[in-house]
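> Dropping the structure in here first, questions after.
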Amino acid sequence: MGKQMAKDMRQRKQQIAQALRPLRIADTDICRDDVMTLCGKNARGNNFAVLDCLQNARQDNSDISVGCNHFLWEYKLNLTRDARFDSAAFEVCKEDLIKFSDCKALDKGQGVVLPCLYEVMENVTNTQCRQYLNRMKAITFSDYRLIQGFYEECKDDIQSKKCGSVQDTDDDMPHNQGETIHCLEKKVKDLGDSCKKQILRVAELSANDYHLDRALYFACKDDRERFCEKQQAGSGRVYKCLLKHKFQEDMSDDCKEKLTTRQQVIAEDYKANYALQKKCKEEIRKNNCRPQANHKKEARLSYLLVCLEAAKKRGRRISGECDAELIDTRRSLMSDYLINPEVVFGCRQEINDLCEGGLQREGRTLHCLMEHAKENKKLGASCIKALEELVKETDAGDDYRIDPALQRACEEVRQAVCSEEQGGDGKVLSCLMEHIYDPKMTDLCETELLQLQYFVSRDFRLDPLLYKNCEADAASLCNAQDWEMDDPGNGIVFACLHRNLHTEGPGKSGLSPGCQAQVHRVLRQRALAVHLNPQVEMQCRQDLGEFCTDKSKKGEEMLCLQDHFKDLTKGCQNVVGNFTAEESEDIRMNRILMQACSPMLKKFCKTELKLTMDEGQALQCLIDHKDDDDMDKKCAAGVEHFQLLQLKDYRFNFKFKEACRKDVLANCKGKKDKSAIVECLSSLVRDDILKNTADQEHTISEECRKQLKVEFLERSENIKLDPELFHGCENDITNVCSKVNAGNARVLECLREHKEELSDPCHRKLFNREKQQAKNPDTDFAFMHACKPMIKQFCTNFSPDQLLKCLRAHKNEPAMDPKCKSMITKRQIEKNSDFRLNMEMQKSCRRDMPKFCKNVLDSTDVKDSTELEGMMMACLKKQFLSRDKKLSPDCESYVREAMEEGAMDYRMDPALKKACRPVVMKFCKEALTEANDDTGSVEECLKAQLEKDNLKMYPKCQTEVIRILQESRADVQVDPLLHKACALDIKHYCASIPQGEGRHMSCLLEALEDRTIKLRSDCTRMLVSRKEMWEFAAKVAPPETFNDVLAQLQQSPSRNYFLLVFLAVFGTLFFGGMFCGRATKRVAAQVKNK
């Protein structure tokens, strides 16, 4: 079998040699010298070798004599039409001709057999046949006039485009090999249909071997030796190698120009790219990516790329070889704008005016245009369209390597922050966007990245991760069915997905989980700049020009729009509002805040960062830690700024919006301002509480009521978050608290401490806030912040309204934190100033107050919004001391406890504190420093000043000191210092006597007078001191009732004198009345008689 094949091969060679023997070029007189000069001895006996030698000597054949040049032209012309060469082809290729019946049926000697075989050469399997055809192609393609049909179809275009001469008399003139074809290729878009078809056919036929592209072969001859010396010719390998080095500095300009022209032709017909059409052949067939049935031979590269990329996104299998070729092809399109006809023609003016006339290559000119598009420079509609189509064709959002300028700018950053991500599926690009604020991100990488993202953001299909996860959602929810070839643009599909993100109610989404996650990712990444949000950019162009012309840094434009939210046009306000609402759900959308708070999130909010869906929890975590000592100041300022922004619309607070959406729609229609909505909802909650409404019957849902408490807590932390109070007290803050830093409830506490200096409007608003916090102590930020650890230690299981009572019980324990202790005292002082701030008093004395203190209750109608300065407590104390009508047990216990606390800290007694402030400052400064220790030292100092008769000049203070002395006499328990000194004696001598109504005090006084009983020295000294004070107080105390006056007269040493004076006055009045009465009676009788 092998011998027979060898024999057949010898016979075929002999037949070919026989056919060529009469035409030996080296033996002709006219070419002998040229052959001897230019060709080696070994080539002279082979006409094919001689032709190769002479054709490849110089492109314009100037090294060949005119006569030889003419002979070669005729020889090649006859060669391509000689029946003997057709016969040789039939013989060498007879095995393959069986498969190509159309070629086999053609007549020999007409110059049509070889062109037919060229067309099907891709499917030729016989090696000798392929070698023979390649040799013939090299001859044919050396002169366009030898290409069958080309001359006839392109004659007019060659003439009109000035690409050479077509006169028959010019056949004997030297010509540049391939220059005419190259000239037509450069103007391929302007050619007639028939000539364009021929040009693309030539490009397809020469795609395999760069030798066949004569213009490129000669232009790149030296470059091939320099860059691709080891690269074997065939299968488009040399083309590919040269293209890789196209932008090398030492590549010749002529070669670059020819390679660019070749790429332009490939853009018109993908079959001119041999490697692409061969390696993707099956994928093209299986996915119906062949040219449409329009009877045109060309198949545009853009159509093929879009078709195959769409198939890939649908999950169709693309072989590794085909995928690699697609990446190379797409990369080449992004490398050089000149090979993109639409960009060249659509952006001609912009390139000249804005991009240095297109001198920048390697993708830089394209990125120059992208930058001007991003910055809203006036690019023409055709230029914008061309750039959009280019990004779509190359699918640049899929793989960062497709964009050479981007890859070059970001490779170092990718290695640093995204080394684990591989190219493809947009993962690297997404990772780079996530790290845009990373310190390792370079300015150049950021610039190139945002330029590309501007276009990716405008076509849903260009984000592979979004497309893959949201394909079904977009089809069902957004009527997007034919994305592969058509997209509405301007981010409309994504805007639709965004609208459906929260359509199923609180915490739910109309999107699938995968799509929901991707929509959040895209929102987060596009939050970086307005131009990445097509809807925002389109709706807010006027507002950006009016308010934000000086905002150019990352994120500043959106921040500016948010700051001017109330002033925006309606359309802009809607899109900015929607964006801000999403921003409140996912803190990572707020890129400026993330930049400042990223370390703080890692420090305080590790659990929240691990959540798949944020739902506002990370932001709430930062708010909770905003005033911690180790919180970064920039982060705290950013959090506060966003809190202030949330006041503009309740939707900007995700947790509040989700918890209260239904309640707002049902009860607060037409309101959007969050502070107004909070007031609306809280008033309904208050009304339900006053009606004692059961939980299941509350107007406002439980979730919303919980969130309202959070809102109250946050606004108490920073007065700026309480617009009503802040605007009402703005001048007072300037006058009284100008040196106090905002935050941590410091300004609010300052106002509380300077109530007497506040204006009436501010005082009233502050009092209303105090009433709200009194009902819900867990909304009192200063209190909760100071006492949070103590609550956790002592009061874990207590309800919010019992927290202060619980902490009071542990106030003097060694483990009590001093800050919390001080805060407890402050709140006790406030609560004692007005019963409306004292929920415990209201509960304990709810029956006693209307019974004994109705006049005080009536006064609340007049002083509804200011403190009563302890009037209710004074009334109840008075009733406590009275022996006529008793307080209820709960109220009596509460009043006694309050009197005990007041005896230890004068500030707990509002009337005493107000009346005796000057005295304390003058006589009790030393004792004042101990007041925070609850020692009762200030009270003892005031009592001492009473004994020293230093209070005459301060009658109000004297009255109050006498009052507290009288109160202490009522029961030993209300005098803590006396009770402490006599505790053992009470236990020893008064154990059988029940507590209350002064019984223990009477017991101690009797024991003091009883000489058989010896009290402890401390108790004796304290009792004697108290007794003397009571006696002195009785002397100087002004009588309040008639009984008090009689009692003082009886005890007075001058009582006899007062009695005589009284009798004298009474007698004078009596006798004078009798005399006057009789006289008037006599006058009346006389008048009557008349």
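Labels used: A, B, ... for chains in the order of the structure tokens, numbers from 1 for residues in each chain, and numbers from 1 for ligands as shown.
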Could you give me, as a list in words, the residues within 12 Å of Asp209 of chain A, counting only C-alpha atoms and dropping anything in the same chain fewer than 5 positions from it?
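Answer for this query is Asn134, Arg135, Lys137, Ala138, Phe141, Val202, Ala203, Glu204, Arg214, Leu216, Tyr217, Gln231, Gln232, Ala233, Gly234, Ser235, Gly236, Arg237, Val238, Tyr239, Lys240, Ala272, Asn273, Tyr274 and Ala275 of chain A.
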> If you keep N, CA, C and O atoms, can you produce a file of those selected residues as a tab-separated table (two decimals), in the first residue's frame?

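The result, written out as selection_26.tsv:
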chain	number	residue	atom	x	y	z
A	134	ASN	N	-1.48	26.86	-2.40
A	134	ASN	CA	-0.81	28.00	-1.76
A	134	ASN	C	0.18	28.67	-2.72
A	134	ASN	O	0.28	29.90	-2.75
A	135	ARG	N	0.90	27.84	-3.47
A	135	ARG	CA	1.84	28.40	-4.45
A	135	ARG	C	1.08	29.21	-5.52
A	135	ARG	O	1.50	30.31	-5.90
A	137	LYS	N	-1.85	30.56	-5.19
A	137	LYS	CA	-2.44	31.75	-4.58
A	137	LYS	C	-1.41	32.87	-4.47
A	137	LYS	O	-1.71	34.05	-4.67
A	138	ALA	N	-0.19	32.48	-4.13
A	138	ALA	CA	0.88	33.48	-4.02
A	138	ALA	C	1.07	34.20	-5.35
A	138	ALA	O	1.31	35.41	-5.40
A	141	PHE	N	-2.28	36.38	-6.10
A	141	PHE	CA	-2.49	37.56	-5.26
A	141	PHE	C	-1.38	38.60	-5.40
A	141	PHE	O	-1.41	39.63	-4.77
A	202	VAL	N	-11.15	38.57	-1.15
A	202	VAL	CA	-9.69	38.51	-1.19
A	202	VAL	C	-9.13	38.44	0.23
A	202	VAL	O	-8.20	37.68	0.52
A	203	ALA	N	-9.71	39.23	1.13
A	203	ALA	CA	-9.25	39.23	2.52
A	203	ALA	C	-9.46	37.86	3.16
A	203	ALA	O	-8.61	37.37	3.91
A	204	GLU	N	-10.61	37.24	2.87
A	204	GLU	CA	-10.88	35.91	3.40
A	204	GLU	C	-9.86	34.90	2.88
A	204	GLU	O	-9.34	34.07	3.63
A	214	ARG	N	-0.04	41.13	-0.05
A	214	ARG	CA	1.25	41.59	-0.53
A	214	ARG	C	1.66	42.93	0.08
A	214	ARG	O	2.82	43.14	0.42
A	216	LEU	N	0.86	44.14	3.00
A	216	LEU	CA	1.26	43.92	4.39
A	216	LEU	C	2.56	43.14	4.46
A	216	LEU	O	3.43	43.41	5.30
A	217	TYR	N	2.71	42.19	3.56
A	217	TYR	CA	3.93	41.37	3.57
A	217	TYR	C	5.17	42.25	3.40
A	217	TYR	O	6.14	42.13	4.15
A	231	GLN	N	8.03	32.43	14.41
A	231	GLN	CA	6.62	32.11	14.18
A	231	GLN	C	6.45	31.54	12.77
A	231	GLN	O	6.79	32.16	11.78
A	232	GLN	N	5.93	30.32	12.71
A	232	GLN	CA	5.75	29.67	11.42
A	232	GLN	C	4.56	30.27	10.69
A	232	GLN	O	3.54	30.61	11.29
A	233	ALA	N	4.68	30.44	9.38
A	233	ALA	CA	3.61	31.00	8.58
A	233	ALA	C	2.45	30.01	8.47
A	233	ALA	O	2.62	28.80	8.62
A	234	GLY	N	1.27	30.54	8.18
A	234	GLY	CA	0.09	29.69	8.04
A	234	GLY	C	-0.84	29.82	9.22
A	234	GLY	O	-0.44	30.21	10.34
A	235	SER	N	-2.12	29.55	8.99
A	235	SER	CA	-3.17	29.58	10.02
A	235	SER	C	-3.27	30.94	10.70
A	235	SER	O	-3.73	31.05	11.84
A	236	GLY	N	-2.83	31.97	10.01
A	236	GLY	CA	-2.96	33.33	10.55
A	236	GLY	C	-2.04	33.62	11.70
A	236	GLY	O	-2.21	34.64	12.39
A	237	ARG	N	-1.03	32.74	11.92
A	237	ARG	CA	-0.16	32.91	13.09
A	237	ARG	C	0.71	34.18	13.01
A	237	ARG	O	0.93	34.85	14.01
A	238	VAL	N	1.24	34.47	11.83
A	238	VAL	CA	2.09	35.65	11.69
A	238	VAL	C	1.27	36.93	11.88
A	238	VAL	O	1.72	37.88	12.53
A	239	TYR	N	0.07	36.94	11.32
A	239	TYR	CA	-0.83	38.08	11.55
A	239	TYR	C	-0.96	38.34	13.06
A	239	TYR	O	-0.82	39.46	13.55
A	240	LYS	N	-1.29	37.29	13.77
A	240	LYS	CA	-1.56	37.40	15.19
A	240	LYS	C	-0.34	37.89	15.96
A	240	LYS	O	-0.43	38.74	16.85
A	272	ALA	N	-12.22	37.26	7.54
A	272	ALA	CA	-10.86	37.71	7.23
A	272	ALA	C	-9.92	37.46	8.41
A	272	ALA	O	-8.71	37.63	8.29
A	273	ASN	N	-10.49	37.06	9.55
A	273	ASN	CA	-9.70	36.64	10.72
A	273	ASN	C	-9.71	35.12	10.73
A	273	ASN	O	-10.64	34.49	11.22
A	274	TYR	N	-8.66	34.55	10.19
A	274	TYR	CA	-8.62	33.10	9.97
A	274	TYR	C	-8.78	32.33	11.29
A	274	TYR	O	-9.57	31.38	11.40
A	275	ALA	N	-8.01	32.74	12.30
A	275	ALA	CA	-8.03	32.02	13.58
A	275	ALA	C	-9.42	32.07	14.21
A	275	ALA	O	-9.92	31.07	14.74
> Which residues are near Glu546 of chain A? Cut-off 12 Å, only C-alpha atoms, ignore same chain within fewer than 5 positions. Put them as a ChimeraX atom specification.
/A:540-541,551,557,560-561,564,567-569
> Considering only C-alpha atoms, return as a ChimeraX atom specification whatever protein or nucleic-acid residues lie within 7 Å of Gly998 of chain A, sequence-local ones (same chain, fewer than 5 positions apart) excluded.
/A:970-972
> Excluding Gln879 of chain A and its own-chain neighbours fewer than 5 positions away, which residues fall within 12 Å of it when counting only C-alpha atoms? Please give them as a list in words.
Cys845, Asp848, Met849, Lys851, Phe852, Cys853, Met872, Met873, Ala874, Asp884, Lys885, Lys886, Leu887, Ser888, Cys891, Glu892, Val895, Arg896, Glu967, Ala970 and Glu997 of chain A
> Those same residues - C-alpha atoms - I'd like them written as a compact mmCIF listing (two decimals), in the first residue's frame.

# COMPACT_ATOMS: atom_id res chain seq x y z
CA CYS A 845 -50.46 59.08 93.92
CA ASP A 848 -54.34 61.41 96.03
CA MET A 849 -53.47 64.18 93.60
CA LYS A 851 -58.29 64.45 96.06
CA PHE A 852 -55.86 66.71 97.92
CA CYS A 853 -54.16 68.81 95.23
CA MET A 872 -47.43 68.95 93.55
CA MET A 873 -44.72 67.50 95.77
CA ALA A 874 -45.15 70.37 98.24
CA ASP A 884 -56.49 64.94 109.45
CA LYS A 885 -56.56 63.16 106.10
CA LYS A 886 -54.14 60.40 105.26
CA LEU A 887 -52.44 59.70 101.95
CA SER A 888 -52.87 56.31 100.36
CA CYS A 891 -48.40 57.65 97.90
CA GLU A 892 -47.30 57.97 101.54
CA VAL A 895 -43.58 60.91 99.55
CA ARG A 896 -41.58 59.63 102.51
CA GLU A 967 -41.00 67.86 107.80
CA ALA A 970 -42.92 64.33 111.27
CA GLU A 997 -47.15 59.07 111.70
> Env of Glu711 of chain A: 8 Å cut, atoms = only C-alpha atoms, seq-sep filter 4 positions within chain, self excluded. Answer as an MDAnalysis selection string.
chainID A and resid 678 707 715
> Could you save the residues just selected, with N, CA and C atoms, as a PDB file, in the first residue's frame?

ATOM      1  N   VAL A 678     -42.928  61.552  62.591  1.00  0.00           N
ATOM      2  CA  VAL A 678     -42.674  61.066  63.951  1.00  0.00           C
ATOM      3  C   VAL A 678     -43.656  61.707  64.930  1.00  0.00           C
ATOM      4  N   GLN A 707     -39.759  51.368  66.648  1.00  0.00           N
ATOM      5  CA  GLN A 707     -38.883  52.219  65.839  1.00  0.00           C
ATOM      6  C   GLN A 707     -39.022  53.681  66.227  1.00  0.00           C
ATOM      7  N   ARG A 715     -32.790  61.406  68.367  1.00  0.00           N
ATOM      8  CA  ARG A 715     -32.924  62.860  68.352  1.00  0.00           C
ATOM      9  C   ARG A 715     -32.550  63.470  69.688  1.00  0.00           C
TER      10      ARG A 715
END
> Please, what distance in Å, to one decimal, runs between atom CA of Ala581 of chain A and atom CA of Tyr650 of chain A?
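Interatomic distance, atom CA of Ala581 of chain A to atom CA of Tyr650 of chain A: 8.8 Å.
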> As a list in words, please: the residues near segment 148-160 of chain A (cut-off 6 Å, only C-alpha atoms, same-chain neighbours under 3 positions excluded).
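Near neighbours after the sequence-gap exclusion: Arg145, Cys163, Ser194, Cys195 and Gln198 of chain A.
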> Go ahead and write the selection's residues with all heavy atoms as an mmCIF file, in the first residue's frame.

data_model
loop_
_atom_site.group_PDB
_atom_site.id
_atom_site.type_symbol
_atom_site.label_atom_id
_atom_site.label_comp_id
_atom_site.auth_asym_id
_atom_site.auth_seq_id
_atom_site.Cartn_x
_atom_site.Cartn_y
_atom_site.Cartn_z
ATOM 1 N N ARG A 145 -5.007 42.100 -10.910
ATOM 2 C CA ARG A 145 -5.563 41.800 -12.226
ATOM 3 C C ARG A 145 -5.593 40.300 -12.512
ATOM 4 O O ARG A 145 -6.246 39.852 -13.445
ATOM 5 C CB ARG A 145 -4.738 42.524 -13.294
ATOM 6 C CG ARG A 145 -4.892 44.038 -13.229
ATOM 7 C CD ARG A 145 -3.875 44.752 -14.092
ATOM 8 N NE ARG A 145 -2.528 44.569 -13.619
ATOM 9 C CZ ARG A 145 -1.437 45.157 -14.139
ATOM 10 N NH1 ARG A 145 -1.598 45.972 -15.168
ATOM 11 N NH2 ARG A 145 -0.242 44.954 -13.651
ATOM 12 N N CYS A 163 -7.026 54.379 -6.814
ATOM 13 C CA CYS A 163 -6.241 53.287 -6.249
ATOM 14 C C CYS A 163 -5.389 52.581 -7.294
ATOM 15 O O CYS A 163 -5.000 51.421 -7.122
ATOM 16 C CB CYS A 163 -7.172 52.271 -5.577
ATOM 17 S SG CYS A 163 -7.964 52.906 -4.087
ATOM 18 N N SER A 194 -20.541 45.310 -5.215
ATOM 19 C CA SER A 194 -19.849 44.231 -5.923
ATOM 20 C C SER A 194 -18.345 44.259 -5.659
ATOM 21 O O SER A 194 -17.716 43.215 -5.426
ATOM 22 C CB SER A 194 -20.130 44.332 -7.430
ATOM 23 O OG SER A 194 -19.722 45.609 -7.920
ATOM 24 N N CYS A 195 -17.749 45.439 -5.657
ATOM 25 C CA CYS A 195 -16.313 45.532 -5.393
ATOM 26 C C CYS A 195 -16.013 45.225 -3.925
ATOM 27 O O CYS A 195 -15.020 44.565 -3.611
ATOM 28 C CB CYS A 195 -15.804 46.924 -5.753
ATOM 29 S SG CYS A 195 -14.011 47.094 -5.578
ATOM 30 N N GLN A 198 -15.786 41.672 -3.477
ATOM 31 C CA GLN A 198 -14.524 41.132 -3.978
ATOM 32 C C GLN A 198 -13.370 41.396 -3.005
ATOM 33 O O GLN A 198 -12.543 40.521 -2.749
ATOM 34 C CB GLN A 198 -14.202 41.756 -5.343
ATOM 35 C CG GLN A 198 -15.079 41.271 -6.482
ATOM 36 C CD GLN A 198 -14.914 39.781 -6.744
ATOM 37 O OE1 GLN A 198 -13.812 39.239 -6.609
ATOM 38 N NE2 GLN A 198 -16.019 39.125 -7.083
#
> With only C-alpha atoms as the basis for distance, which of A:Cys1003, A:Met839, A:Ala267, A:Ala405 is at the shortest distance from Gln773 of chain A?
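Once distances to Gln773 of chain A are computed over only C-alpha atoms, the minimum belongs to A:Met839.
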> What is the distance between atom CA of Cys957 of chain A and atom CA of Val856 of chain A, in Å to one decimal?
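Atom CA of Cys957 of chain A sits 21.9 Å away from atom CA of Val856 of chain A.
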> Report, in Å to a single decimal, how far apart atom CA of Phe218 of chain A and atom CA of Lys189 of chain A are.
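Interatomic distance, atom CA of Lys189 of chain A to atom CA of Phe218 of chain A: 24.4 Å.
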> Can you tell me which residues surround segment 336-338 of chain A at a distance of at most 10 Å, considering only C-alpha atoms, apart from same-chain residues fewer than 2 positions away, and format the answer as an MDAnalysis selection string?
chainID A and resid 246:247 257 260:261 263:264 331:334 340:345 347 351 358 360:367 387 390 404
> Given the selection you just returned, output its residues as a file containing N, CA and C atoms, formatted as a short mmCIF file (atom, residue, chain, number, x, y, z; two decimals), in the first residue's frame.

data_model
loop_
_atom_site.label_atom_id
_atom_site.label_comp_id
_atom_site.auth_asym_id
_atom_site.auth_seq_id
_atom_site.Cartn_x
_atom_site.Cartn_y
_atom_site.Cartn_z
N LYS A 246 1.92 45.42 17.72
CA LYS A 246 1.54 46.56 16.89
C LYS A 246 1.94 47.90 17.50
N PHE A 247 1.89 48.01 18.82
CA PHE A 247 2.18 49.29 19.46
C PHE A 247 3.58 49.36 20.07
N GLU A 257 0.38 50.69 9.92
CA GLU A 257 -0.71 51.18 9.07
C GLU A 257 -1.36 50.03 8.30
N THR A 260 -3.44 47.92 10.67
CA THR A 260 -4.70 48.61 11.00
C THR A 260 -5.72 48.44 9.89
N THR A 261 -5.24 48.57 8.65
CA THR A 261 -6.14 48.39 7.51
C THR A 261 -6.71 46.98 7.51
N GLN A 263 -7.20 45.08 10.05
CA GLN A 263 -8.19 44.98 11.12
C GLN A 263 -9.50 45.66 10.73
N GLN A 264 -9.39 46.74 9.96
CA GLN A 264 -10.61 47.40 9.49
C GLN A 264 -11.42 46.49 8.58
N ARG A 331 -10.19 42.63 22.43
CA ARG A 331 -9.10 43.46 22.94
C ARG A 331 -8.52 44.35 21.83
N SER A 332 -8.40 43.78 20.64
CA SER A 332 -7.86 44.58 19.53
C SER A 332 -8.79 45.74 19.19
N LEU A 333 -10.10 45.51 19.29
CA LEU A 333 -11.05 46.58 19.00
C LEU A 333 -10.95 47.72 20.02
N MET A 334 -10.65 47.37 21.28
CA MET A 334 -10.52 48.38 22.32
C MET A 334 -9.13 49.01 22.32
N ASN A 340 -12.23 50.76 14.19
CA ASN A 340 -13.66 50.82 14.45
C ASN A 340 -14.26 51.87 13.53
N PRO A 341 -14.78 51.46 12.40
CA PRO A 341 -15.28 52.44 11.41
C PRO A 341 -16.30 53.40 11.98
N GLU A 342 -17.21 52.89 12.82
CA GLU A 342 -18.24 53.76 13.37
C GLU A 342 -17.64 54.85 14.24
N VAL A 343 -16.59 54.49 15.02
CA VAL A 343 -15.93 55.49 15.86
C VAL A 343 -15.18 56.50 15.00
N VAL A 344 -14.49 55.99 13.99
CA VAL A 344 -13.72 56.88 13.11
C VAL A 344 -14.62 57.92 12.46
N PHE A 345 -15.76 57.46 11.93
CA PHE A 345 -16.65 58.38 11.22
C PHE A 345 -17.54 59.16 12.18
N CYS A 347 -16.96 59.96 15.35
CA CYS A 347 -16.25 60.81 16.31
C CYS A 347 -15.11 61.59 15.67
N ILE A 351 -12.52 63.67 17.98
CA ILE A 351 -11.14 63.20 18.09
C ILE A 351 -10.17 64.33 17.75
N GLY A 358 -6.31 62.19 17.58
CA GLY A 358 -6.24 60.72 17.52
C GLY A 358 -4.82 60.19 17.55
N GLN A 360 -3.20 59.45 20.12
CA GLN A 360 -3.06 58.49 21.22
C GLN A 360 -3.63 57.14 20.79
N ARG A 361 -2.84 56.11 20.93
CA ARG A 361 -3.31 54.77 20.55
C ARG A 361 -3.33 53.89 21.81
N GLU A 362 -3.33 52.58 21.62
CA GLU A 362 -3.40 51.61 22.71
C GLU A 362 -4.59 51.88 23.62
N GLY A 363 -5.70 52.27 23.02
CA GLY A 363 -6.92 52.49 23.78
C GLY A 363 -7.05 53.87 24.37
N ARG A 364 -6.00 54.69 24.29
CA ARG A 364 -6.05 55.99 24.96
C ARG A 364 -7.00 56.97 24.27
N THR A 365 -7.08 56.91 22.96
CA THR A 365 -8.02 57.80 22.26
C THR A 365 -9.46 57.44 22.63
N LEU A 366 -9.75 56.14 22.70
CA LEU A 366 -11.09 55.71 23.09
C LEU A 366 -11.41 56.17 24.50
N HIS A 367 -10.43 56.05 25.40
CA HIS A 367 -10.68 56.49 26.78
C HIS A 367 -10.77 58.01 26.87
N LEU A 387 -19.53 54.86 20.46
CA LEU A 387 -18.83 54.37 21.65
C LEU A 387 -19.67 53.32 22.38
N LEU A 390 -19.42 50.15 20.47
CA LEU A 390 -18.10 49.54 20.63
C LEU A 390 -18.01 48.77 21.95
N PRO A 404 -7.20 47.33 26.96
CA PRO A 404 -5.76 47.41 27.25
C PRO A 404 -5.38 48.59 28.13
#
> From a DSSP pass on the backbone, collect the residues of segment 343-401 of chain A flagged as helix (DSSP H, G or I) and hand them back as a PyMOL selection string.
chain A and resi 343-346+348-354+356-358+364-374+381-394+400-401
> Which residue, A:His810, A:Met594, A:Asp586, A:Ile986, has the smallest gap to Lys634 of chain A when you use only C-alpha atoms?
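Of the candidates, the smallest distance to Lys634 of chain A is held by A:Met594.
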> Have a look at A:Leu429, A:Ala898, A:Leu721, A:Leu857 and name the one nearest to Lys674 of chain A; count only C-alpha atoms.
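That would be A:Leu721, the residue with the smallest distance to Lys674 of chain A.
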> Each residue of segment 181-283 of chain A lying at most 9 Å from segment 301-324 of chain A should get a row with its shortest atom-to-atom pair and the distance in Å to one decimal, counting only C-alpha atoms; could you produce that, ordered by chain and increasing number, as a tab-separated table?

residue	atom	partner	partner_atom	distance
A:Ile266	CA	A:Leu301	CA	6.7
A:Ala267	CA	A:Leu301	CA	4.9
A:Glu268	CA	A:Leu301	CA	6.1
A:Asp269	CA	A:Leu301	CA	5.8
A:Tyr270	CA	A:Leu301	CA	4.7
A:Lys271	CA	A:Leu301	CA	8.5
A:Ala275	CA	A:Cys322	CA	8.8
A:Leu276	CA	A:Cys322	CA	6.9
A:Gln277	CA	A:Cys322	CA	8.8
A:Lys278	CA	A:Cys322	CA	8.6
A:Lys279	CA	A:Cys322	CA	5.1
A:Cys280	CA	A:Cys322	CA	4.8
A:Lys281	CA	A:Cys322	CA	8.4
A:Glu283	CA	A:Ile318	CA	6.5
> Generate the output file for the selected residues, N, CA and C atoms, as a short mmCIF file (atom, residue, chain, number, x, y, z; two decimals), in the first residue's frame.

data_model
loop_
_atom_site.label_atom_id
_atom_site.label_comp_id
_atom_site.auth_asym_id
_atom_site.auth_seq_id
_atom_site.Cartn_x
_atom_site.Cartn_y
_atom_site.Cartn_z
N ILE A 266 -11.32 43.21 8.72
CA ILE A 266 -11.87 42.15 9.60
C ILE A 266 -13.14 42.65 10.27
N ALA A 267 -13.17 43.95 10.64
CA ALA A 267 -14.37 44.50 11.26
C ALA A 267 -15.58 44.41 10.33
N GLU A 268 -15.30 44.44 8.99
CA GLU A 268 -16.38 44.32 8.02
C GLU A 268 -16.73 42.86 7.74
N ASP A 269 -15.76 41.97 7.91
CA ASP A 269 -15.97 40.55 7.60
C ASP A 269 -15.10 39.70 8.52
N TYR A 270 -15.76 39.06 9.49
CA TYR A 270 -14.99 38.30 10.48
C TYR A 270 -14.20 37.16 9.85
N LYS A 271 -14.60 36.71 8.64
CA LYS A 271 -13.90 35.59 8.00
C LYS A 271 -12.49 35.97 7.56
N ALA A 275 -8.01 32.74 12.30
CA ALA A 275 -8.03 32.02 13.58
C ALA A 275 -9.42 32.07 14.21
N LEU A 276 -10.06 33.23 14.15
CA LEU A 276 -11.38 33.37 14.77
C LEU A 276 -12.42 32.52 14.08
N GLN A 277 -12.47 32.60 12.76
CA GLN A 277 -13.52 31.86 12.06
C GLN A 277 -13.27 30.36 12.09
N LYS A 278 -12.01 29.94 12.24
CA LYS A 278 -11.74 28.51 12.31
C LYS A 278 -12.02 27.95 13.70
N LYS A 279 -11.51 28.65 14.73
CA LYS A 279 -11.64 28.13 16.10
C LYS A 279 -13.05 28.30 16.66
N CYS A 280 -13.82 29.18 16.08
CA CYS A 280 -15.19 29.38 16.55
C CYS A 280 -16.22 28.85 15.56
N LYS A 281 -15.76 28.02 14.63
CA LYS A 281 -16.64 27.54 13.57
C LYS A 281 -17.87 26.83 14.12
N GLU A 283 -19.13 26.95 17.19
CA GLU A 283 -19.94 27.86 18.00
C GLU A 283 -20.78 28.76 17.11
#
